[in-house]
Amino acid sequence: MSLHYPHAHPPAAAERIEVAPGVFWLRMPLPFQLDHINLWLLRDGDGWTIVDTGFPNDAVMATWKRIIEGLDGPVRRLIVTHFHPDHLGLAAWLMEQTGAPLWMTSGEFLTAHVVWNEVGGHGARFMVEQFRQHGLDDERLGKFEKRGSGYRKAVPALPEHYHRLKAGDAVAVDGRQWQIIIGHGHAPEHMALYCAELGVLISGDMLLPRISTNISVFAATPDADALGWFLESLEAMARKMPEKTLVLPSHGLPFTGVQARVKALRAHHEERLQALEEACEEAPKSAAELLETLFQRALDTHQTMFAMGEAIAHLNHLHQAGRLSCSTDADGVIRFMRLQH
């Protein structure tokens, strides 16, 4: 079954489209190649619940002010799926604007703080050393060092308190239960919300219709099998979902066809894994040497960060599956080689 898109066009700035009873779709701009994020507004009795915040800039804040002024009741709470700037970036500001409390998982709240403060193996300085170990050249490493913490620039302020949500919890919104589904691989404790009564899944970045979400390995967990965690999370999510479930992703258009999309993503990643395996046939290769195998296009500094994380994730997965060996050279660079069976 191919994917079906019930809404051909996204909402305009400050417009909201009702995609299910009491569930409204907003769209905000992003200053990246991925140029938009979808946000969600849920009717909640005489008030509203917001899901995700958008990226902090003047245009997005002005749009939010117009939307909030147009609401017929107070914002009761702000739910954030994960710590990335386009999802959490305006949380502190929206809490000030509305008086609403923040609801999110501990893994995401705490990760935001350690990345912002660059402690505990998280942040730019640790990432630069990780990429050095994986063979990235001095010129590109220098660009990361010069850029410093992109997260701190993108998130002007972080909330200092929150209401914790965890796997298996349910959030009552307007008398309907939204189940909390935790996914791993894209972020430490990414939260999706599923309402069986409405047949709606707010998938965040875990399940997108046209692109595969970025899967990266943090410097703090250098041998993590992030790709394995991601694929397992998707399989677990898809098993519970009726095929007619309306998926509300953070990027792209709302769609139906959960199982078809998960199957396509698994096939996509297996194709990438096979390409990497073959590239490591003749000689040991570092993640940096394999960027062109995974990405047949020029990468800017921002894209190189995601590409390196993605390459390391795929190589770790192959190593832990017994498909590649892993060794550290005399120059301190980690390289991978295909195992001969």
# chains A, B, ... in the order shown; residues from 1 in each chain; ligands from 1
call {"tool": "residues_around", "arguments": {"residues": "Glu235 of chain A", "least_positions_apart": "3", "cutoff": "12 Å", "atoms": "only C-alpha atoms", "output": "PyMOL selection string"}}
result
chain A and resi 183-184+206-207+228-232+238-241+258-266
call {"tool": "residues_around", "arguments": {"residues": "Val173 of chain A", "least_positions_apart": "6", "cutoff": "9 Å", "atoms": "only C-alpha atoms", "output": "PyMOL selection string"}}
result
chain A and resi 42-45+48-49
call {"tool": "write_last_selection", "arguments": {"atoms": "N, CA, C and O atoms", "output": "PDB file, in the first residue's frame"}}
result
ATOM      1  N   LEU A  42      -4.181  21.471  19.877  1.00  0.00           N
ATOM      2  CA  LEU A  42      -5.259  20.564  20.254  1.00  0.00           C
ATOM      3  C   LEU A  42      -6.288  21.293  21.105  1.00  0.00           C
ATOM      4  O   LEU A  42      -5.938  21.912  22.126  1.00  0.00           O
ATOM      5  N   ARG A  43      -7.535  21.206  20.687  1.00  0.00           N
ATOM      6  CA  ARG A  43      -8.634  21.726  21.520  1.00  0.00           C
ATOM      7  C   ARG A  43      -8.632  20.959  22.834  1.00  0.00           C
ATOM      8  O   ARG A  43      -8.557  19.740  22.846  1.00  0.00           O
ATOM      9  N   ASP A  44      -8.693  21.679  23.947  1.00  0.00           N
ATOM     10  CA  ASP A  44      -8.598  21.042  25.267  1.00  0.00           C
ATOM     11  C   ASP A  44      -9.628  21.677  26.198  1.00  0.00           C
ATOM     12  O   ASP A  44      -9.310  22.581  26.972  1.00  0.00           O
ATOM     13  N   GLY A  45     -10.882  21.211  26.076  1.00  0.00           N
ATOM     14  CA  GLY A  45     -11.959  21.799  26.873  1.00  0.00           C
ATOM     15  C   GLY A  45     -12.169  23.253  26.458  1.00  0.00           C
ATOM     16  O   GLY A  45     -12.341  23.553  25.275  1.00  0.00           O
ATOM     17  N   TRP A  48      -6.518  25.188  25.212  1.00  0.00           N
ATOM     18  CA  TRP A  48      -5.739  24.584  24.131  1.00  0.00           C
ATOM     19  C   TRP A  48      -4.453  23.946  24.653  1.00  0.00           C
ATOM     20  O   TRP A  48      -3.905  24.370  25.664  1.00  0.00           O
ATOM     21  N   THR A  49      -4.004  22.914  23.937  1.00  0.00           N
ATOM     22  CA  THR A  49      -2.682  22.324  24.159  1.00  0.00           C
ATOM     23  C   THR A  49      -1.871  22.519  22.879  1.00  0.00           C
ATOM     24  O   THR A  49      -2.375  22.269  21.783  1.00  0.00           O
TER      25      THR A  49
END
call {"tool": "atom_distance", "arguments": {"atom1": "atom CA of Ser325 of chain A", "atom2": "atom CA of Glu292 of chain A"}}
result
20.3 Å
call {"tool": "select_by_dssp", "arguments": {"residues": "segment 19-57 of chain A", "states": "strand (DSSP E or B)", "output": "PDB file with all heavy atoms, in the first residue's frame"}}
result
ATOM      1  N   VAL A  19      -7.334  18.822  11.006  1.00  0.00           N
ATOM      2  CA  VAL A  19      -7.035  17.550  10.310  1.00  0.00           C
ATOM      3  C   VAL A  19      -7.759  16.364  10.943  1.00  0.00           C
ATOM      4  O   VAL A  19      -7.851  15.287  10.351  1.00  0.00           O
ATOM      5  CB  VAL A  19      -5.517  17.287  10.278  1.00  0.00           C
ATOM      6  CG1 VAL A  19      -4.820  18.299   9.381  1.00  0.00           C
ATOM      7  CG2 VAL A  19      -4.910  17.295  11.675  1.00  0.00           C
ATOM      8  N   ALA A  20      -8.265  16.554  12.159  1.00  0.00           N
ATOM      9  CA  ALA A  20      -9.089  15.568  12.870  1.00  0.00           C
ATOM     10  C   ALA A  20      -9.883  16.378  13.890  1.00  0.00           C
ATOM     11  O   ALA A  20      -9.524  17.529  14.174  1.00  0.00           O
ATOM     12  CB  ALA A  20      -8.206  14.525  13.561  1.00  0.00           C
ATOM     13  N   VAL A  23      -8.105  18.756  16.327  1.00  0.00           N
ATOM     14  CA  VAL A  23      -6.654  18.697  16.072  1.00  0.00           C
ATOM     15  C   VAL A  23      -6.343  19.610  14.880  1.00  0.00           C
ATOM     16  O   VAL A  23      -6.818  19.367  13.766  1.00  0.00           O
ATOM     17  CB  VAL A  23      -6.179  17.258  15.770  1.00  0.00           C
ATOM     18  CG1 VAL A  23      -4.674  17.227  15.493  1.00  0.00           C
ATOM     19  CG2 VAL A  23      -6.539  16.323  16.911  1.00  0.00           C
ATOM     20  N   PHE A  24      -5.527  20.640  15.130  1.00  0.00           N
ATOM     21  CA  PHE A  24      -5.264  21.655  14.119  1.00  0.00           C
ATOM     22  C   PHE A  24      -3.780  21.674  13.744  1.00  0.00           C
ATOM     23  O   PHE A  24      -2.901  21.556  14.593  1.00  0.00           O
ATOM     24  CB  PHE A  24      -5.695  23.037  14.629  1.00  0.00           C
ATOM     25  CG  PHE A  24      -7.179  23.151  14.857  1.00  0.00           C
ATOM     26  CD1 PHE A  24      -7.740  22.725  16.059  1.00  0.00           C
ATOM     27  CD2 PHE A  24      -8.017  23.648  13.878  1.00  0.00           C
ATOM     28  CE1 PHE A  24      -9.112  22.824  16.281  1.00  0.00           C
ATOM     29  CE2 PHE A  24      -9.391  23.741  14.086  1.00  0.00           C
ATOM     30  CZ  PHE A  24      -9.938  23.321  15.286  1.00  0.00           C
ATOM     31  N   TRP A  25      -3.540  21.863  12.449  1.00  0.00           N
ATOM     32  CA  TRP A  25      -2.195  21.852  11.867  1.00  0.00           C
ATOM     33  C   TRP A  25      -1.733  23.285  11.652  1.00  0.00           C
ATOM     34  O   TRP A  25      -2.410  24.092  11.011  1.00  0.00           O
ATOM     35  CB  TRP A  25      -2.283  21.091  10.553  1.00  0.00           C
ATOM     36  CG  TRP A  25      -1.050  21.019   9.689  1.00  0.00           C
ATOM     37  CD1 TRP A  25       0.239  21.241  10.037  1.00  0.00           C
ATOM     38  CD2 TRP A  25      -1.039  20.645   8.302  1.00  0.00           C
ATOM     39  NE1 TRP A  25       1.070  21.041   8.956  1.00  0.00           N
ATOM     40  CE2 TRP A  25       0.316  20.671   7.883  1.00  0.00           C
ATOM     41  CE3 TRP A  25      -2.031  20.293   7.381  1.00  0.00           C
ATOM     42  CZ2 TRP A  25       0.686  20.362   6.577  1.00  0.00           C
ATOM     43  CZ3 TRP A  25      -1.654  19.977   6.087  1.00  0.00           C
ATOM     44  CH2 TRP A  25      -0.309  20.013   5.689  1.00  0.00           C
ATOM     45  N   LEU A  26      -0.539  23.605  12.193  1.00  0.00           N
ATOM     46  CA  LEU A  26       0.136  24.876  11.939  1.00  0.00           C
ATOM     47  C   LEU A  26       1.443  24.583  11.217  1.00  0.00           C
ATOM     48  O   LEU A  26       2.009  23.503  11.370  1.00  0.00           O
ATOM     49  CB  LEU A  26       0.476  25.600  13.248  1.00  0.00           C
ATOM     50  CG  LEU A  26      -0.615  25.759  14.311  1.00  0.00           C
ATOM     51  CD1 LEU A  26      -0.017  26.369  15.577  1.00  0.00           C
ATOM     52  CD2 LEU A  26      -1.745  26.638  13.792  1.00  0.00           C
ATOM     53  N   ARG A  27       1.941  25.546  10.471  1.00  0.00           N
ATOM     54  CA  ARG A  27       3.259  25.369   9.848  1.00  0.00           C
ATOM     55  C   ARG A  27       4.085  26.639  10.058  1.00  0.00           C
ATOM     56  O   ARG A  27       3.581  27.751   9.902  1.00  0.00           O
ATOM     57  CB  ARG A  27       3.137  25.060   8.360  1.00  0.00           C
ATOM     58  CG  ARG A  27       4.515  24.882   7.701  1.00  0.00           C
ATOM     59  CD  ARG A  27       4.428  24.292   6.318  1.00  0.00           C
ATOM     60  NE  ARG A  27       4.291  22.837   6.353  1.00  0.00           N
ATOM     61  CZ  ARG A  27       4.558  22.036   5.323  1.00  0.00           C
ATOM     62  NH1 ARG A  27       4.960  22.551   4.174  1.00  0.00           N
ATOM     63  NH2 ARG A  27       4.418  20.735   5.420  1.00  0.00           N
ATOM     64  N   MET A  28       5.356  26.454  10.421  1.00  0.00           N
ATOM     65  CA  MET A  28       6.279  27.571  10.656  1.00  0.00           C
ATOM     66  C   MET A  28       7.539  27.379   9.802  1.00  0.00           C
ATOM     67  O   MET A  28       7.954  26.243   9.537  1.00  0.00           O
ATOM     68  CB  MET A  28       6.683  27.627  12.132  1.00  0.00           C
ATOM     69  CG  MET A  28       5.517  27.744  13.106  1.00  0.00           C
ATOM     70  SD  MET A  28       4.947  29.434  13.285  1.00  0.00           S
ATOM     71  CE  MET A  28       3.694  29.219  14.582  1.00  0.00           C
ATOM     72  N   PRO A  29       8.193  28.487   9.413  1.00  0.00           N
ATOM     73  CA  PRO A  29       9.408  28.375   8.605  1.00  0.00           C
ATOM     74  C   PRO A  29      10.627  27.956   9.427  1.00  0.00           C
ATOM     75  O   PRO A  29      10.698  28.206  10.626  1.00  0.00           O
ATOM     76  CB  PRO A  29       9.593  29.793   8.063  1.00  0.00           C
ATOM     77  CG  PRO A  29       8.946  30.671   9.085  1.00  0.00           C
ATOM     78  CD  PRO A  29       7.792  29.889   9.635  1.00  0.00           C
ATOM     79  N   HIS A  36      10.735  23.973   6.838  1.00  0.00           N
ATOM     80  CA  HIS A  36       9.474  24.140   7.576  1.00  0.00           C
ATOM     81  C   HIS A  36       9.384  23.118   8.711  1.00  0.00           C
ATOM     82  O   HIS A  36      10.069  22.095   8.710  1.00  0.00           O
ATOM     83  CB  HIS A  36       8.274  23.941   6.639  1.00  0.00           C
ATOM     84  CG  HIS A  36       8.128  22.508   6.215  1.00  0.00           C
ATOM     85  ND1 HIS A  36       8.811  21.973   5.140  1.00  0.00           N
ATOM     86  CD2 HIS A  36       7.429  21.465   6.756  1.00  0.00           C
ATOM     87  CE1 HIS A  36       8.515  20.678   5.030  1.00  0.00           C
ATOM     88  NE2 HIS A  36       7.682  20.340   5.999  1.00  0.00           N
ATOM     89  N   ILE A  37       8.520  23.409   9.667  1.00  0.00           N
ATOM     90  CA  ILE A  37       8.133  22.438  10.695  1.00  0.00           C
ATOM     91  C   ILE A  37       6.628  22.522  10.885  1.00  0.00           C
ATOM     92  O   ILE A  37       6.034  23.610  10.823  1.00  0.00           O
ATOM     93  CB  ILE A  37       8.875  22.679  12.024  1.00  0.00           C
ATOM     94  CG1 ILE A  37       8.453  21.624  13.072  1.00  0.00           C
ATOM     95  CG2 ILE A  37       8.654  24.089  12.551  1.00  0.00           C
ATOM     96  CD1 ILE A  37       9.277  21.631  14.337  1.00  0.00           C
ATOM     97  N   ASN A  38       6.009  21.370  11.088  1.00  0.00           N
ATOM     98  CA  ASN A  38       4.586  21.312  11.424  1.00  0.00           C
ATOM     99  C   ASN A  38       4.433  21.307  12.934  1.00  0.00           C
ATOM    100  O   ASN A  38       5.146  20.588  13.641  1.00  0.00           O
ATOM    101  CB  ASN A  38       3.955  20.038  10.862  1.00  0.00           C
ATOM    102  CG  ASN A  38       4.083  19.939   9.362  1.00  0.00           C
ATOM    103  OD1 ASN A  38       3.953  20.936   8.650  1.00  0.00           O
ATOM    104  ND2 ASN A  38       4.346  18.738   8.857  1.00  0.00           N
ATOM    105  N   LEU A  39       3.508  22.107  13.424  1.00  0.00           N
ATOM    106  CA  LEU A  39       3.176  22.168  14.844  1.00  0.00           C
ATOM    107  C   LEU A  39       1.693  21.856  14.978  1.00  0.00           C
ATOM    108  O   LEU A  39       0.933  21.954  14.010  1.00  0.00           O
ATOM    109  CB  LEU A  39       3.500  23.558  15.405  1.00  0.00           C
ATOM    110  CG  LEU A  39       4.909  24.082  15.082  1.00  0.00           C
ATOM    111  CD1 LEU A  39       5.051  25.539  15.499  1.00  0.00           C
ATOM    112  CD2 LEU A  39       5.969  23.233  15.748  1.00  0.00           C
ATOM    113  N   TRP A  40       1.270  21.504  16.187  1.00  0.00           N
ATOM    114  CA  TRP A  40      -0.100  21.015  16.364  1.00  0.00           C
ATOM    115  C   TRP A  40      -0.759  21.722  17.531  1.00  0.00           C
ATOM    116  O   TRP A  40      -0.144  21.960  18.576  1.00  0.00           O
ATOM    117  CB  TRP A  40      -0.083  19.487  16.563  1.00  0.00           C
ATOM    118  CG  TRP A  40       0.781  18.847  15.523  1.00  0.00           C
ATOM    119  CD1 TRP A  40       2.069  18.423  15.675  1.00  0.00           C
ATOM    120  CD2 TRP A  40       0.452  18.647  14.145  1.00  0.00           C
ATOM    121  NE1 TRP A  40       2.564  17.956  14.479  1.00  0.00           N
ATOM    122  CE2 TRP A  40       1.604  18.079  13.521  1.00  0.00           C
ATOM    123  CE3 TRP A  40      -0.691  18.868  13.383  1.00  0.00           C
ATOM    124  CZ2 TRP A  40       1.627  17.748  12.176  1.00  0.00           C
ATOM    125  CZ3 TRP A  40      -0.658  18.531  12.036  1.00  0.00           C
ATOM    126  CH2 TRP A  40       0.484  17.979  11.446  1.00  0.00           C
ATOM    127  N   LEU A  41      -2.023  22.050  17.324  1.00  0.00           N
ATOM    128  CA  LEU A  41      -2.825  22.757  18.319  1.00  0.00           C
ATOM    129  C   LEU A  41      -4.027  21.875  18.619  1.00  0.00           C
ATOM    130  O   LEU A  41      -4.785  21.524  17.702  1.00  0.00           O
ATOM    131  CB  LEU A  41      -3.266  24.097  17.706  1.00  0.00           C
ATOM    132  CG  LEU A  41      -3.733  25.242  18.573  1.00  0.00           C
ATOM    133  CD1 LEU A  41      -2.724  25.587  19.654  1.00  0.00           C
ATOM    134  CD2 LEU A  41      -4.003  26.455  17.685  1.00  0.00           C
ATOM    135  N   LEU A  42      -4.181  21.471  19.877  1.00  0.00           N
ATOM    136  CA  LEU A  42      -5.259  20.564  20.254  1.00  0.00           C
ATOM    137  C   LEU A  42      -6.288  21.293  21.105  1.00  0.00           C
ATOM    138  O   LEU A  42      -5.938  21.912  22.126  1.00  0.00           O
ATOM    139  CB  LEU A  42      -4.701  19.372  21.051  1.00  0.00           C
ATOM    140  CG  LEU A  42      -3.511  18.615  20.456  1.00  0.00           C
ATOM    141  CD1 LEU A  42      -3.101  17.469  21.376  1.00  0.00           C
ATOM    142  CD2 LEU A  42      -3.821  18.088  19.063  1.00  0.00           C
ATOM    143  N   ARG A  43      -7.535  21.206  20.687  1.00  0.00           N
ATOM    144  CA  ARG A  43      -8.634  21.726  21.520  1.00  0.00           C
ATOM    145  C   ARG A  43      -8.632  20.959  22.834  1.00  0.00           C
ATOM    146  O   ARG A  43      -8.557  19.740  22.846  1.00  0.00           O
ATOM    147  CB  ARG A  43      -9.953  21.561  20.771  1.00  0.00           C
ATOM    148  CG  ARG A  43     -11.200  21.686  21.604  1.00  0.00           C
ATOM    149  CD  ARG A  43     -11.360  23.070  22.225  1.00  0.00           C
ATOM    150  NE  ARG A  43     -11.749  24.089  21.266  1.00  0.00           N
ATOM    151  CZ  ARG A  43     -11.863  25.377  21.572  1.00  0.00           C
ATOM    152  NH1 ARG A  43     -11.588  25.793  22.813  1.00  0.00           N
ATOM    153  NH2 ARG A  43     -12.225  26.260  20.666  1.00  0.00           N
ATOM    154  N   ASP A  44      -8.693  21.679  23.947  1.00  0.00           N
ATOM    155  CA  ASP A  44      -8.598  21.042  25.267  1.00  0.00           C
ATOM    156  C   ASP A  44      -9.628  21.677  26.198  1.00  0.00           C
ATOM    157  O   ASP A  44      -9.310  22.581  26.972  1.00  0.00           O
ATOM    158  CB  ASP A  44      -7.173  21.219  25.811  1.00  0.00           C
ATOM    159  CG  ASP A  44      -6.883  20.306  26.992  1.00  0.00           C
ATOM    160  OD1 ASP A  44      -7.789  19.556  27.398  1.00  0.00           O
ATOM    161  OD2 ASP A  44      -5.749  20.346  27.499  1.00  0.00           O
ATOM    162  N   GLY A  47      -9.860  25.411  26.617  1.00  0.00           N
ATOM    163  CA  GLY A  47      -8.536  25.949  26.304  1.00  0.00           C
ATOM    164  C   GLY A  47      -7.851  25.143  25.215  1.00  0.00           C
ATOM    165  O   GLY A  47      -8.505  24.474  24.406  1.00  0.00           O
ATOM    166  N   TRP A  48      -6.518  25.188  25.212  1.00  0.00           N
ATOM    167  CA  TRP A  48      -5.739  24.584  24.131  1.00  0.00           C
ATOM    168  C   TRP A  48      -4.453  23.946  24.653  1.00  0.00           C
ATOM    169  O   TRP A  48      -3.905  24.370  25.664  1.00  0.00           O
ATOM    170  CB  TRP A  48      -5.362  25.664  23.098  1.00  0.00           C
ATOM    171  CG  TRP A  48      -6.559  26.256  22.437  1.00  0.00           C
ATOM    172  CD1 TRP A  48      -7.299  27.320  22.874  1.00  0.00           C
ATOM    173  CD2 TRP A  48      -7.201  25.806  21.246  1.00  0.00           C
ATOM    174  NE1 TRP A  48      -8.354  27.570  22.026  1.00  0.00           N
ATOM    175  CE2 TRP A  48      -8.314  26.655  21.010  1.00  0.00           C
ATOM    176  CE3 TRP A  48      -6.938  24.774  20.342  1.00  0.00           C
ATOM    177  CZ2 TRP A  48      -9.154  26.489  19.916  1.00  0.00           C
ATOM    178  CZ3 TRP A  48      -7.771  24.618  19.246  1.00  0.00           C
ATOM    179  CH2 TRP A  48      -8.868  25.469  19.038  1.00  0.00           C
ATOM    180  N   THR A  49      -4.004  22.914  23.937  1.00  0.00           N
ATOM    181  CA  THR A  49      -2.682  22.324  24.159  1.00  0.00           C
ATOM    182  C   THR A  49      -1.871  22.519  22.879  1.00  0.00           C
ATOM    183  O   THR A  49      -2.375  22.269  21.783  1.00  0.00           O
ATOM    184  CB  THR A  49      -2.801  20.822  24.494  1.00  0.00           C
ATOM    185  OG1 THR A  49      -3.301  20.677  25.826  1.00  0.00           O
ATOM    186  CG2 THR A  49      -1.451  20.121  24.402  1.00  0.00           C
ATOM    187  N   ILE A  50      -0.634  22.983  23.044  1.00  0.00           N
ATOM    188  CA  ILE A  50       0.278  23.155  21.908  1.00  0.00           C
ATOM    189  C   ILE A  50       1.259  21.982  21.899  1.00  0.00           C
ATOM    190  O   ILE A  50       1.770  21.590  22.949  1.00  0.00           O
ATOM    191  CB  ILE A  50       1.066  24.484  22.032  1.00  0.00           C
ATOM    192  CG1 ILE A  50       0.141  25.692  21.866  1.00  0.00           C
ATOM    193  CG2 ILE A  50       2.207  24.547  21.020  1.00  0.00           C
ATOM    194  CD1 ILE A  50       0.800  27.028  22.204  1.00  0.00           C
ATOM    195  N   VAL A  51       1.530  21.416  20.710  1.00  0.00           N
ATOM    196  CA  VAL A  51       2.561  20.382  20.573  1.00  0.00           C
ATOM    197  C   VAL A  51       3.682  20.924  19.684  1.00  0.00           C
ATOM    198  O   VAL A  51       3.470  21.192  18.500  1.00  0.00           O
ATOM    199  CB  VAL A  51       1.989  19.081  19.977  1.00  0.00           C
ATOM    200  CG1 VAL A  51       3.095  18.025  19.864  1.00  0.00           C
ATOM    201  CG2 VAL A  51       0.846  18.551  20.830  1.00  0.00           C
TER     202      VAL A  51
END
call {"tool": "select_by_dssp", "arguments": {"residues": "segment 117-232 of chain A", "states": "alpha helix (DSSP H)", "output": "PyMOL selection string"}}
result
chain A and resi 117+124-133+138-147+150-154+226-232
